[in-house]
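Quick notes on the structure that follows.
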Amino acid sequence: MTNADRWLLPDGIAEILPAQAEDIEQLRRDMLNLYHRWGYDLVIPPVLEFTDSLLTGLGQDLDLLTFKVTDQLSGRSMGIRADITPQTARMDAHSFKREGVNRLCYAGHVVHTRPKSPLATRTPIQAGVELYGEPGLSADIEVVSLLLESLQTAGVTELNIDLGHVGIYRALAKAVGLNNTQELALFELLQQKAVSDIDRWVAAEIAQPGVAQLIRKLPALCGGIDVLAEARALFSRFVPDALQAIDELNQLAEVIGERYPKANLYFDISELRGYHYHTGVVFAAFAPGYGDAIANGGRYDHIGEVFGRARAATGFAVDLSALNALGNTVGQLEPGILAPEPASAEAWAAVQALRQQGERVVCVLSDSSLVREELNCDRELVLEHGQYQVKPLSQ
């Protein structure tokens, strides 16, 4: 590497400069304050830990995303977290056990070995909540409501939520008797919404005409609330075990629609995001002009079982960098006050008094290092008639 190349960052790794950093940090604080008001307790999990713990429960989805290193003290494999959810599950099961509902929130960097999409960063800043110990739909309703509140807090004006339920596909696979290979093959085709490939797969694998017709219709079962009635009619005959999941989506939609009438609810019966570990409702938030989901969540019961305590669980994570880009942020540092070097006790007291009032005060250290245009100050502290006063910055 030449000296000219030493400033380069790896692909998918981004630095955050002052103006945007201020916005993101303020958004992080706003989010955590919001979660605090809803009764969620802040936790700060470690950035890396043993892979035996870090990849438990969500391993199939996170293993390839996780950077792995060898611990020089123990010789064991450690991972840099690619998701914070497994860490909070360990806390709920072991470090911070409660008998009743446990509400936890967090905010911090995660690191991915590869970007989740072509334009995504590999070091997103993730904030989110996890609710443990409540198996009922009321918990899912609470976290979806809190996600919408998060979007509003970030200044996102158009609220778009995609909703699905992995219980529908699980019931279908069980009713049809799909083996593991068939279940995985159909899962992949449904994620791609490859209609022609699904038709060929159904012709080769499914003998029952009614079930074959149902599977062929799955990719098209998406849209507004009317989709749920259509799905109920289709599944009631051949896969009645899926009706409970459809009804749960309907109940959730009714409550969310009342609480957030301006939210756009989109239902996708074949949505299987996180299928390998989610057990119920799944959801994602999208925004115009941003190709990736800005938040993902859902129910993932029993994730703490490997830690010795199986608990009902639901939650979500939001990408703070994406939210910041979409919200009503100005992208500029707040102007400050330029002050002379506080060489006297009186000057020091005046500077400190302004800082205690919340003002940003930049002290001149030497004339040789002073470049006013770079300091982002629009006022100055001056001594007039024995008193320190703040006045507009003179040119």
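In the structure tokens, the first chain shown is A, the next is B, and so on; residue numbers restart at 1 for each chain, and ligands run from 1 in the order shown.
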Shell of 10 Å around region 147-151 of chain A, only C-alpha atoms, local chain residues under 2 positions omitted, as an mmCIF file with all heavy atoms, in the first residue's frame:
```cif
data_model
loop_
_atom_site.group_PDB
_atom_site.id
_atom_site.type_symbol
_atom_site.label_atom_id
_atom_site.label_comp_id
_atom_site.auth_asym_id
_atom_site.auth_seq_id
_atom_site.Cartn_x
_atom_site.Cartn_y
_atom_site.Cartn_z
ATOM 1 N N LEU A 27 -30.253 11.322 17.389
ATOM 2 C CA LEU A 27 -31.296 10.339 17.111
ATOM 3 C C LEU A 27 -31.175 9.145 18.049
ATOM 4 O O LEU A 27 -32.180 8.631 18.543
ATOM 5 C CB LEU A 27 -31.192 9.884 15.652
ATOM 6 C CG LEU A 27 -32.206 8.837 15.189
ATOM 7 C CD1 LEU A 27 -33.640 9.335 15.372
ATOM 8 C CD2 LEU A 27 -31.952 8.471 13.724
ATOM 9 N N ASP A 30 -32.611 10.201 21.291
ATOM 10 C CA ASP A 30 -34.070 10.301 21.192
ATOM 11 C C ASP A 30 -34.710 8.917 21.242
ATOM 12 O O ASP A 30 -35.759 8.725 21.873
ATOM 13 C CB ASP A 30 -34.471 11.011 19.895
ATOM 14 C CG ASP A 30 -34.108 12.492 19.896
ATOM 15 O OD1 ASP A 30 -33.840 13.029 20.984
ATOM 16 O OD2 ASP A 30 -34.076 13.091 18.800
ATOM 17 N N MET A 31 -34.105 7.956 20.541
ATOM 18 C CA MET A 31 -34.645 6.599 20.527
ATOM 19 C C MET A 31 -34.601 5.975 21.922
ATOM 20 O O MET A 31 -35.587 5.402 22.399
ATOM 21 C CB MET A 31 -33.859 5.715 19.545
ATOM 22 C CG MET A 31 -34.106 6.042 18.103
ATOM 23 S SD MET A 31 -35.826 5.726 17.621
ATOM 24 C CE MET A 31 -35.777 6.354 15.955
ATOM 25 N N LEU A 32 -33.459 6.068 22.567
ATOM 26 C CA LEU A 32 -33.337 5.458 23.890
ATOM 27 C C LEU A 32 -34.253 6.138 24.903
ATOM 28 O O LEU A 32 -34.795 5.475 25.798
ATOM 29 C CB LEU A 32 -31.879 5.508 24.357
ATOM 30 C CG LEU A 32 -30.904 4.625 23.564
ATOM 31 C CD1 LEU A 32 -29.489 4.765 24.112
ATOM 32 C CD2 LEU A 32 -31.345 3.160 23.597
ATOM 33 N N LEU A 34 -37.148 7.443 24.114
ATOM 34 C CA LEU A 34 -38.466 6.909 23.766
ATOM 35 C C LEU A 34 -38.665 5.533 24.385
ATOM 36 O O LEU A 34 -39.716 5.258 25.003
ATOM 37 C CB LEU A 34 -38.597 6.836 22.239
ATOM 38 C CG LEU A 34 -39.819 6.085 21.689
ATOM 39 C CD1 LEU A 34 -41.112 6.825 22.026
ATOM 40 C CD2 LEU A 34 -39.688 5.881 20.177
ATOM 41 N N TYR A 35 -37.684 4.663 24.232
ATOM 42 C CA TYR A 35 -37.817 3.301 24.770
ATOM 43 C C TYR A 35 -37.903 3.321 26.297
ATOM 44 O O TYR A 35 -38.632 2.515 26.887
ATOM 45 C CB TYR A 35 -36.644 2.439 24.296
ATOM 46 C CG TYR A 35 -36.508 2.378 22.791
ATOM 47 C CD1 TYR A 35 -35.286 2.128 22.184
ATOM 48 C CD2 TYR A 35 -37.609 2.612 21.954
ATOM 49 C CE1 TYR A 35 -35.163 2.081 20.801
ATOM 50 C CE2 TYR A 35 -37.492 2.579 20.573
ATOM 51 C CZ TYR A 35 -36.259 2.312 20.009
ATOM 52 O OH TYR A 35 -36.134 2.272 18.642
ATOM 53 N N ALA A 127 -30.271 0.111 16.710
ATOM 54 C CA ALA A 127 -31.007 0.363 17.952
ATOM 55 C C ALA A 127 -32.244 -0.521 17.923
ATOM 56 O O ALA A 127 -32.773 -0.836 16.846
ATOM 57 C CB ALA A 127 -31.401 1.823 18.088
ATOM 58 N N GLY A 128 -32.706 -0.927 19.094
ATOM 59 C CA GLY A 128 -33.883 -1.783 19.086
ATOM 60 C C GLY A 128 -34.368 -2.140 20.469
ATOM 61 O O GLY A 128 -33.804 -1.707 21.486
ATOM 62 N N VAL A 129 -35.419 -2.936 20.482
ATOM 63 C CA VAL A 129 -36.022 -3.395 21.731
ATOM 64 C C VAL A 129 -36.310 -4.886 21.635
ATOM 65 O O VAL A 129 -36.517 -5.429 20.546
ATOM 66 C CB VAL A 129 -37.332 -2.635 22.042
ATOM 67 C CG1 VAL A 129 -37.109 -1.139 22.050
ATOM 68 C CG2 VAL A 129 -38.424 -2.998 21.044
ATOM 69 N N ILE A 141 -48.204 -6.539 19.315
ATOM 70 C CA ILE A 141 -48.846 -5.250 19.062
ATOM 71 C C ILE A 141 -48.021 -4.127 19.679
ATOM 72 O O ILE A 141 -47.838 -3.066 19.064
ATOM 73 C CB ILE A 141 -50.281 -5.253 19.621
ATOM 74 C CG1 ILE A 141 -51.161 -6.203 18.801
ATOM 75 C CG2 ILE A 141 -50.873 -3.853 19.629
ATOM 76 C CD1 ILE A 141 -52.545 -6.430 19.380
ATOM 77 N N GLU A 142 -47.495 -4.347 20.883
ATOM 78 C CA GLU A 142 -46.699 -3.307 21.526
ATOM 79 C C GLU A 142 -45.434 -2.993 20.728
ATOM 80 O O GLU A 142 -45.108 -1.813 20.508
ATOM 81 C CB GLU A 142 -46.309 -3.716 22.940
ATOM 82 C CG GLU A 142 -45.395 -2.690 23.614
ATOM 83 C CD GLU A 142 -45.180 -2.937 25.083
ATOM 84 O OE1 GLU A 142 -46.189 -3.072 25.809
ATOM 85 O OE2 GLU A 142 -44.005 -2.996 25.525
ATOM 86 N N VAL A 143 -44.702 -4.018 20.274
ATOM 87 C CA VAL A 143 -43.433 -3.736 19.600
ATOM 88 C C VAL A 143 -43.667 -3.132 18.213
ATOM 89 O O VAL A 143 -42.892 -2.275 17.769
ATOM 90 C CB VAL A 143 -42.533 -4.991 19.520
ATOM 91 C CG1 VAL A 143 -42.146 -5.452 20.909
ATOM 92 C CG2 VAL A 143 -43.171 -6.112 18.732
ATOM 93 N N VAL A 144 -44.725 -3.525 17.510
ATOM 94 C CA VAL A 144 -45.028 -2.890 16.225
ATOM 95 C C VAL A 144 -45.412 -1.431 16.453
ATOM 96 O O VAL A 144 -45.001 -0.536 15.699
ATOM 97 C CB VAL A 144 -46.140 -3.646 15.472
ATOM 98 C CG1 VAL A 144 -46.566 -2.873 14.222
ATOM 99 C CG2 VAL A 144 -45.667 -5.037 15.070
ATOM 100 N N SER A 145 -46.182 -1.173 17.499
ATOM 101 C CA SER A 145 -46.538 0.211 17.837
ATOM 102 C C SER A 145 -45.289 1.026 18.148
ATOM 103 O O SER A 145 -45.146 2.174 17.699
ATOM 104 C CB SER A 145 -47.482 0.240 19.040
ATOM 105 O OG SER A 145 -48.686 -0.435 18.772
ATOM 106 N N THR A 153 -40.463 9.430 15.562
ATOM 107 C CA THR A 153 -39.438 10.151 16.314
ATOM 108 C C THR A 153 -38.287 10.570 15.407
ATOM 109 O O THR A 153 -37.694 11.641 15.575
ATOM 110 C CB THR A 153 -38.912 9.278 17.469
ATOM 111 O OG1 THR A 153 -39.984 9.009 18.376
ATOM 112 C CG2 THR A 153 -37.771 9.961 18.219
ATOM 113 N N ALA A 154 -37.969 9.712 14.429
ATOM 114 C CA ALA A 154 -36.884 10.000 13.499
ATOM 115 C C ALA A 154 -37.286 10.982 12.410
ATOM 116 O O ALA A 154 -36.454 11.371 11.589
ATOM 117 C CB ALA A 154 -36.388 8.699 12.868
ATOM 118 N N GLY A 155 -38.554 11.374 12.377
ATOM 119 C CA GLY A 155 -39.010 12.322 11.379
ATOM 120 C C GLY A 155 -39.412 11.697 10.064
ATOM 121 O O GLY A 155 -39.558 12.397 9.058
ATOM 122 N N VAL A 156 -39.591 10.358 10.052
ATOM 123 C CA VAL A 156 -40.047 9.689 8.835
ATOM 124 C C VAL A 156 -41.537 9.974 8.674
ATOM 125 O O VAL A 156 -42.342 9.641 9.548
ATOM 126 C CB VAL A 156 -39.788 8.172 8.902
ATOM 127 C CG1 VAL A 156 -40.321 7.476 7.659
ATOM 128 C CG2 VAL A 156 -38.298 7.896 9.061
ATOM 129 N N THR A 157 -41.917 10.582 7.578
ATOM 130 C CA THR A 157 -43.304 11.034 7.405
ATOM 131 C C THR A 157 -44.217 9.977 6.804
ATOM 132 O O THR A 157 -45.422 10.007 7.031
ATOM 133 C CB THR A 157 -43.343 12.287 6.523
ATOM 134 O OG1 THR A 157 -42.699 12.008 5.274
ATOM 135 C CG2 THR A 157 -42.624 13.444 7.202
ATOM 136 N N GLU A 158 -43.666 9.048 6.038
ATOM 137 C CA GLU A 158 -44.491 8.011 5.422
ATOM 138 C C GLU A 158 -44.184 6.674 6.083
ATOM 139 O O GLU A 158 -43.076 6.154 5.961
ATOM 140 C CB GLU A 158 -44.230 7.930 3.916
ATOM 141 C CG GLU A 158 -45.227 7.040 3.185
ATOM 142 C CD GLU A 158 -45.142 7.179 1.682
ATOM 143 O OE1 GLU A 158 -44.761 8.274 1.216
ATOM 144 O OE2 GLU A 158 -45.439 6.206 0.972
ATOM 145 N N LEU A 159 -45.150 6.114 6.791
ATOM 146 C CA LEU A 159 -44.951 4.892 7.574
ATOM 147 C C LEU A 159 -45.430 3.688 6.776
ATOM 148 O O LEU A 159 -46.623 3.503 6.557
ATOM 149 C CB LEU A 159 -45.714 4.992 8.898
ATOM 150 C CG LEU A 159 -45.445 6.254 9.742
ATOM 151 C CD1 LEU A 159 -46.310 6.245 10.992
ATOM 152 C CD2 LEU A 159 -43.973 6.349 10.105
ATOM 153 N N ASN A 160 -44.483 2.868 6.343
ATOM 154 C CA ASN A 160 -44.807 1.675 5.546
ATOM 155 C C ASN A 160 -44.317 0.434 6.274
ATOM 156 O O ASN A 160 -43.114 0.273 6.498
ATOM 157 C CB ASN A 160 -44.138 1.755 4.168
ATOM 158 C CG ASN A 160 -44.585 2.972 3.385
ATOM 159 O OD1 ASN A 160 -45.764 3.182 3.183
ATOM 160 N ND2 ASN A 160 -43.625 3.788 2.957
ATOM 161 N N ILE A 161 -45.256 -0.439 6.643
ATOM 162 C CA ILE A 161 -44.917 -1.658 7.379
ATOM 163 C C ILE A 161 -45.379 -2.871 6.592
ATOM 164 O O ILE A 161 -46.554 -2.980 6.224
ATOM 165 C CB ILE A 161 -45.564 -1.673 8.778
ATOM 166 C CG1 ILE A 161 -45.123 -0.461 9.597
ATOM 167 C CG2 ILE A 161 -45.209 -2.961 9.512
ATOM 168 C CD1 ILE A 161 -43.669 -0.470 9.989
ATOM 169 N N ILE A 256 -53.390 -1.767 15.156
ATOM 170 C CA ILE A 256 -52.423 -0.819 14.607
ATOM 171 C C ILE A 256 -53.127 0.207 13.719
ATOM 172 O O ILE A 256 -52.788 1.398 13.724
ATOM 173 C CB ILE A 256 -51.328 -1.560 13.815
ATOM 174 C CG1 ILE A 256 -50.530 -2.479 14.747
ATOM 175 C CG2 ILE A 256 -50.396 -0.565 13.125
ATOM 176 C CD1 ILE A 256 -49.833 -1.767 15.884
ATOM 177 N N ARG A 259 -54.604 2.788 16.025
ATOM 178 C CA ARG A 259 -53.609 3.626 16.697
ATOM 179 C C ARG A 259 -52.873 4.540 15.715
ATOM 180 O O ARG A 259 -52.537 5.672 16.050
ATOM 181 C CB ARG A 259 -52.588 2.739 17.422
ATOM 182 C CG ARG A 259 -53.147 1.975 18.601
ATOM 183 C CD ARG A 259 -52.062 1.123 19.255
ATOM 184 N NE ARG A 259 -52.563 0.403 20.422
ATOM 185 C CZ ARG A 259 -51.822 -0.415 21.178
ATOM 186 N NH1 ARG A 259 -50.552 -0.616 20.867
ATOM 187 N NH2 ARG A 259 -52.354 -1.024 22.218
ATOM 188 N N TYR A 260 -52.613 4.021 14.538
ATOM 189 C CA TYR A 260 -51.824 4.760 13.543
ATOM 190 C C TYR A 260 -52.552 4.729 12.196
ATOM 191 O O TYR A 260 -52.159 4.010 11.276
ATOM 192 C CB TYR A 260 -50.418 4.150 13.414
ATOM 193 C CG TYR A 260 -49.682 4.099 14.730
ATOM 194 C CD1 TYR A 260 -49.753 2.961 15.542
ATOM 195 C CD2 TYR A 260 -48.941 5.190 15.180
ATOM 196 C CE1 TYR A 260 -49.093 2.914 16.762
ATOM 197 C CE2 TYR A 260 -48.285 5.156 16.398
ATOM 198 C CZ TYR A 260 -48.361 4.011 17.187
ATOM 199 O OH TYR A 260 -47.705 3.981 18.390
ATOM 200 N N ALA A 263 -50.608 4.959 8.908
ATOM 201 C CA ALA A 263 -49.613 3.941 8.556
ATOM 202 C C ALA A 263 -50.126 3.081 7.406
ATOM 203 O O ALA A 263 -51.305 2.713 7.362
ATOM 204 C CB ALA A 263 -49.297 3.072 9.766
ATOM 205 N N PHE A 283 -42.151 -8.613 10.626
ATOM 206 C CA PHE A 283 -42.479 -7.318 10.027
ATOM 207 C C PHE A 283 -41.208 -6.575 9.653
ATOM 208 O O PHE A 283 -40.112 -6.855 10.146
ATOM 209 C CB PHE A 283 -43.334 -6.469 10.974
ATOM 210 C CG PHE A 283 -42.780 -6.345 12.367
ATOM 211 C CD1 PHE A 283 -41.897 -5.330 12.698
ATOM 212 C CD2 PHE A 283 -43.156 -7.254 13.353
ATOM 213 C CE1 PHE A 283 -41.386 -5.220 13.979
ATOM 214 C CE2 PHE A 283 -42.644 -7.151 14.639
ATOM 215 C CZ PHE A 283 -41.766 -6.133 14.954
ATOM 216 N N ALA A 284 -41.369 -5.631 8.739
ATOM 217 C CA ALA A 284 -40.263 -4.789 8.298
ATOM 218 C C ALA A 284 -40.811 -3.424 7.932
ATOM 219 O O ALA A 284 -41.965 -3.293 7.515
ATOM 220 C CB ALA A 284 -39.547 -5.410 7.107
ATOM 221 N N ALA A 285 -39.987 -2.396 8.108
ATOM 222 C CA ALA A 285 -40.374 -1.030 7.756
ATOM 223 C C ALA A 285 -39.584 -0.570 6.539
ATOM 224 O O ALA A 285 -38.382 -0.829 6.438
ATOM 225 C CB ALA A 285 -40.116 -0.091 8.938
ATOM 226 N N ALA A 287 -39.171 2.759 3.475
ATOM 227 C CA ALA A 287 -39.405 4.180 3.222
ATOM 228 C C ALA A 287 -39.124 4.486 1.756
ATOM 229 O O ALA A 287 -38.240 3.879 1.147
ATOM 230 C CB ALA A 287 -38.506 5.036 4.119
ATOM 231 N N ILE A 294 -35.545 -0.467 6.628
ATOM 232 C CA ILE A 294 -34.882 0.362 7.635
ATOM 233 C C ILE A 294 -35.071 -0.208 9.039
ATOM 234 O O ILE A 294 -34.441 0.239 9.989
ATOM 235 C CB ILE A 294 -35.390 1.815 7.581
ATOM 236 C CG1 ILE A 294 -36.910 1.870 7.718
ATOM 237 C CG2 ILE A 294 -34.948 2.489 6.301
ATOM 238 C CD1 ILE A 294 -37.468 3.281 7.733
ATOM 239 N N ALA A 295 -35.927 -1.229 9.155
ATOM 240 C CA ALA A 295 -36.127 -1.912 10.429
ATOM 241 C C ALA A 295 -36.689 -3.293 10.148
ATOM 242 O O ALA A 295 -37.415 -3.501 9.173
ATOM 243 C CB ALA A 295 -37.076 -1.131 11.335
ATOM 244 N N ASN A 296 -36.344 -4.240 11.011
ATOM 245 C CA ASN A 296 -36.861 -5.597 10.909
ATOM 246 C C ASN A 296 -37.205 -6.110 12.305
ATOM 247 O O ASN A 296 -36.551 -5.724 13.283
ATOM 248 C CB ASN A 296 -35.824 -6.544 10.291
ATOM 249 C CG ASN A 296 -35.588 -6.287 8.820
ATOM 250 O OD1 ASN A 296 -36.391 -6.646 7.980
ATOM 251 N ND2 ASN A 296 -34.472 -5.641 8.505
ATOM 252 N N GLY A 297 -38.202 -6.971 12.377
ATOM 253 C CA GLY A 297 -38.544 -7.530 13.672
ATOM 254 C C GLY A 297 -39.496 -8.695 13.550
ATOM 255 O O GLY A 297 -39.872 -9.112 12.457
ATOM 256 N N GLY A 315 -39.462 -8.544 19.185
ATOM 257 C CA GLY A 315 -38.726 -7.293 19.198
ATOM 258 C C GLY A 315 -38.407 -6.828 17.799
ATOM 259 O O GLY A 315 -38.865 -7.398 16.804
ATOM 260 N N PHE A 316 -37.603 -5.765 17.710
ATOM 261 C CA PHE A 316 -37.196 -5.238 16.413
ATOM 262 C C PHE A 316 -35.869 -4.512 16.547
ATOM 263 O O PHE A 316 -35.436 -4.148 17.648
ATOM 264 C CB PHE A 316 -38.247 -4.279 15.833
ATOM 265 C CG PHE A 316 -38.426 -2.999 16.598
ATOM 266 C CD1 PHE A 316 -37.543 -1.927 16.435
ATOM 267 C CD2 PHE A 316 -39.472 -2.852 17.490
ATOM 268 C CE1 PHE A 316 -37.707 -0.752 17.148
ATOM 269 C CE2 PHE A 316 -39.649 -1.676 18.206
ATOM 270 C CZ PHE A 316 -38.756 -0.620 18.034
ATOM 271 N N ALA A 317 -35.222 -4.290 15.411
ATOM 272 C CA ALA A 317 -34.005 -3.491 15.338
ATOM 273 C C ALA A 317 -34.142 -2.498 14.200
ATOM 274 O O ALA A 317 -34.676 -2.824 13.139
ATOM 275 C CB ALA A 317 -32.781 -4.383 15.125
ATOM 276 N N VAL A 318 -33.668 -1.277 14.416
ATOM 277 C CA VAL A 318 -33.712 -0.236 13.391
ATOM 278 C C VAL A 318 -32.283 0.175 13.045
ATOM 279 O O VAL A 318 -31.379 0.116 13.880
ATOM 280 C CB VAL A 318 -34.521 0.989 13.851
ATOM 281 C CG1 VAL A 318 -35.964 0.621 14.104
ATOM 282 C CG2 VAL A 318 -33.909 1.617 15.103
ATOM 283 N N LEU A 323 -32.257 5.679 9.197
ATOM 284 C CA LEU A 323 -33.303 6.550 9.728
ATOM 285 C C LEU A 323 -32.868 8.011 9.683
ATOM 286 O O LEU A 323 -33.661 8.903 9.360
ATOM 287 C CB LEU A 323 -33.632 6.164 11.173
ATOM 288 C CG LEU A 323 -34.581 4.995 11.390
ATOM 289 C CD1 LEU A 323 -34.809 4.794 12.881
ATOM 290 C CD2 LEU A 323 -35.901 5.221 10.687
ATOM 291 N N LEU A 326 -33.227 9.506 6.318
ATOM 292 C CA LEU A 326 -34.606 9.677 5.874
ATOM 293 C C LEU A 326 -35.363 10.747 6.658
ATOM 294 O O LEU A 326 -36.374 11.264 6.190
ATOM 295 C CB LEU A 326 -35.366 8.355 6.011
ATOM 296 C CG LEU A 326 -34.926 7.234 5.073
ATOM 297 C CD1 LEU A 326 -35.480 5.910 5.552
ATOM 298 C CD2 LEU A 326 -35.370 7.526 3.660
ATOM 299 N N GLY A 327 -34.878 11.056 7.857
ATOM 300 C CA GLY A 327 -35.622 11.961 8.727
ATOM 301 C C GLY A 327 -35.376 13.419 8.389
ATOM 302 O O GLY A 327 -34.651 13.783 7.467
#
```
Q | All residues 10 Å or closer to Pro135 (chain A), only C-alpha atoms, same chain fewer than 6 positions away omitted, as a VMD selection string | A | chain A and resid 101 299 301 311 to 314
What's the 7 Å shell around region 219-221 of chain A, counting only C-alpha atoms, without same-chain residues fewer than 5 positions away, as a PDB file with C-alpha atoms, in the first residue's frame?
```
ATOM      1  CA  LEU A 190     -41.120 -18.108  -2.390  1.00  0.00           C
ATOM      2  CA  LYS A 193     -41.292 -14.956  -5.869  1.00  0.00           C
ATOM      3  CA  VAL A 227     -55.491 -10.194   1.368  1.00  0.00           C
ATOM      4  CA  ALA A 231     -55.938 -16.132   2.461  1.00  0.00           C
ATOM      5  CA  ASP A 268     -47.417 -10.741   2.424  1.00  0.00           C
ATOM      6  CA  ILE A 269     -48.565 -14.278   3.191  1.00  0.00           C
ATOM      7  CA  SER A 270     -45.384 -15.761   1.724  1.00  0.00           C
TER       8      SER A 270
END
```
**Q.** helix (DSSP H, G or I) residues, from DSSP on the backbone, in region 121-157 of chain A, as a list in words
**A.**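 These are the residues in question: Leu137, Ser138, Ala139, Asp140, Ile141, Glu142, Val143, Val144, Ser145, Leu146, Leu147, Leu148, Glu149, Ser150, Leu151, Gln152 and Thr153 of chain A.
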With C-alpha atoms kept, could you save the residues just selected as a PDB file, in the first residue's frame?
```
ATOM      1  CA  LEU A 137     -50.378 -11.107  20.643  1.00  0.00           C
ATOM      2  CA  SER A 138     -50.400  -8.051  22.923  1.00  0.00           C
ATOM      3  CA  ALA A 139     -46.600  -8.173  22.970  1.00  0.00           C
ATOM      4  CA  ASP A 140     -46.403  -8.147  19.165  1.00  0.00           C
ATOM      5  CA  ILE A 141     -48.846  -5.250  19.062  1.00  0.00           C
ATOM      6  CA  GLU A 142     -46.699  -3.307  21.526  1.00  0.00           C
ATOM      7  CA  VAL A 143     -43.433  -3.736  19.600  1.00  0.00           C
ATOM      8  CA  VAL A 144     -45.028  -2.890  16.225  1.00  0.00           C
ATOM      9  CA  SER A 145     -46.538   0.211  17.837  1.00  0.00           C
ATOM     10  CA  LEU A 146     -43.150   1.149  19.271  1.00  0.00           C
ATOM     11  CA  LEU A 147     -41.516   0.671  15.870  1.00  0.00           C
ATOM     12  CA  LEU A 148     -43.981   3.135  14.354  1.00  0.00           C
ATOM     13  CA  GLU A 149     -43.261   5.548  17.194  1.00  0.00           C
ATOM     14  CA  SER A 150     -39.548   5.139  16.421  1.00  0.00           C
ATOM     15  CA  LEU A 151     -40.103   6.095  12.794  1.00  0.00           C
ATOM     16  CA  GLN A 152     -42.113   9.140  13.807  1.00  0.00           C
ATOM     17  CA  THR A 153     -39.438  10.151  16.314  1.00  0.00           C
TER      18      THR A 153
END
```
Q.
Between CA of Val281 (chain A) and CA of Tyr169 (chain A), what is the distance in Å, rounded to a tenth?
A. 11.7 Å
Q. From the set A:Arg122, A:Val69, A:Asn324, A:Thr88, which residue has the shortest atom-to-atom contact distance to Leu9 (chain A), counting only C-alpha atoms?
A.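 Counting only C-alpha atoms, the residue closest to Leu9 (chain A) is A:Arg122.
Of the residues under consideration (A:Ile84, A:Leu172, A:Leu189, A:Ala204), A:Leu172 shows the shortest atom-to-atom contact distance to Leu243 (chain A) when counting only C-alpha atoms.
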Q: Can you work out the spacing between CA of Ala325 (chain A) and CA of Thr123 (chain A) in Å, to one decimal?
A: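 Between these atoms lies a distance of 15.4 Å.
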Q: List every residue of region 7-213 of chain A that DSSP, applied to the backbone, labels as strand (DSSP E or B), and write the result as number ranges by chain.
A: A: 41-42, 48-50, 67-70, 77-80, 102-109, 125-132, 160-165
Q | All residues 12 Å or closer to Arg114 (chain A), only C-alpha atoms, same chain fewer than 4 positions away omitted, as number ranges by chain | A | A: 10-13, 62-67, 82, 110, 118-124
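Remark: for Val47 (chain A), the closest of the candidate residues A:Ile16, A:Lys97, A:Gly108, A:Ala203 is A:Gly108 (distances computed over only C-alpha atoms).
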Q | Atom-to-atom span, CA of Tyr290 (chain A) and CA of Leu163 (chain A), Å | A | 18.2 Å
Q: Have a look at A:Lys391, A:Ser53, A:Gln26, A:Val362 and name the one nearest to His94 (chain A); count only C-alpha atoms.
A: A:Ser53
Q: Go through A:His385, A:His278, A:Lys68, A:Arg81 and flag the residue nearest Gly164 (chain A), using only C-alpha atoms for the distances.
A: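 Under the stated criterion, the closest residue is A:His278.
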Q: Give the answer as one residue: which of A:Val211, A:Asp41, A:Thr181, A:Arg309 has the shortest atom-to-atom distance to Glu99 (chain A), using only C-alpha atoms?
A: A:Arg309
Q: For region 369-375 of chain A, please output as a count of residues only all residues within 12 Å (counting only C-alpha atoms; exclusion window: fewer than 6 positions along the same chain).
A: 17
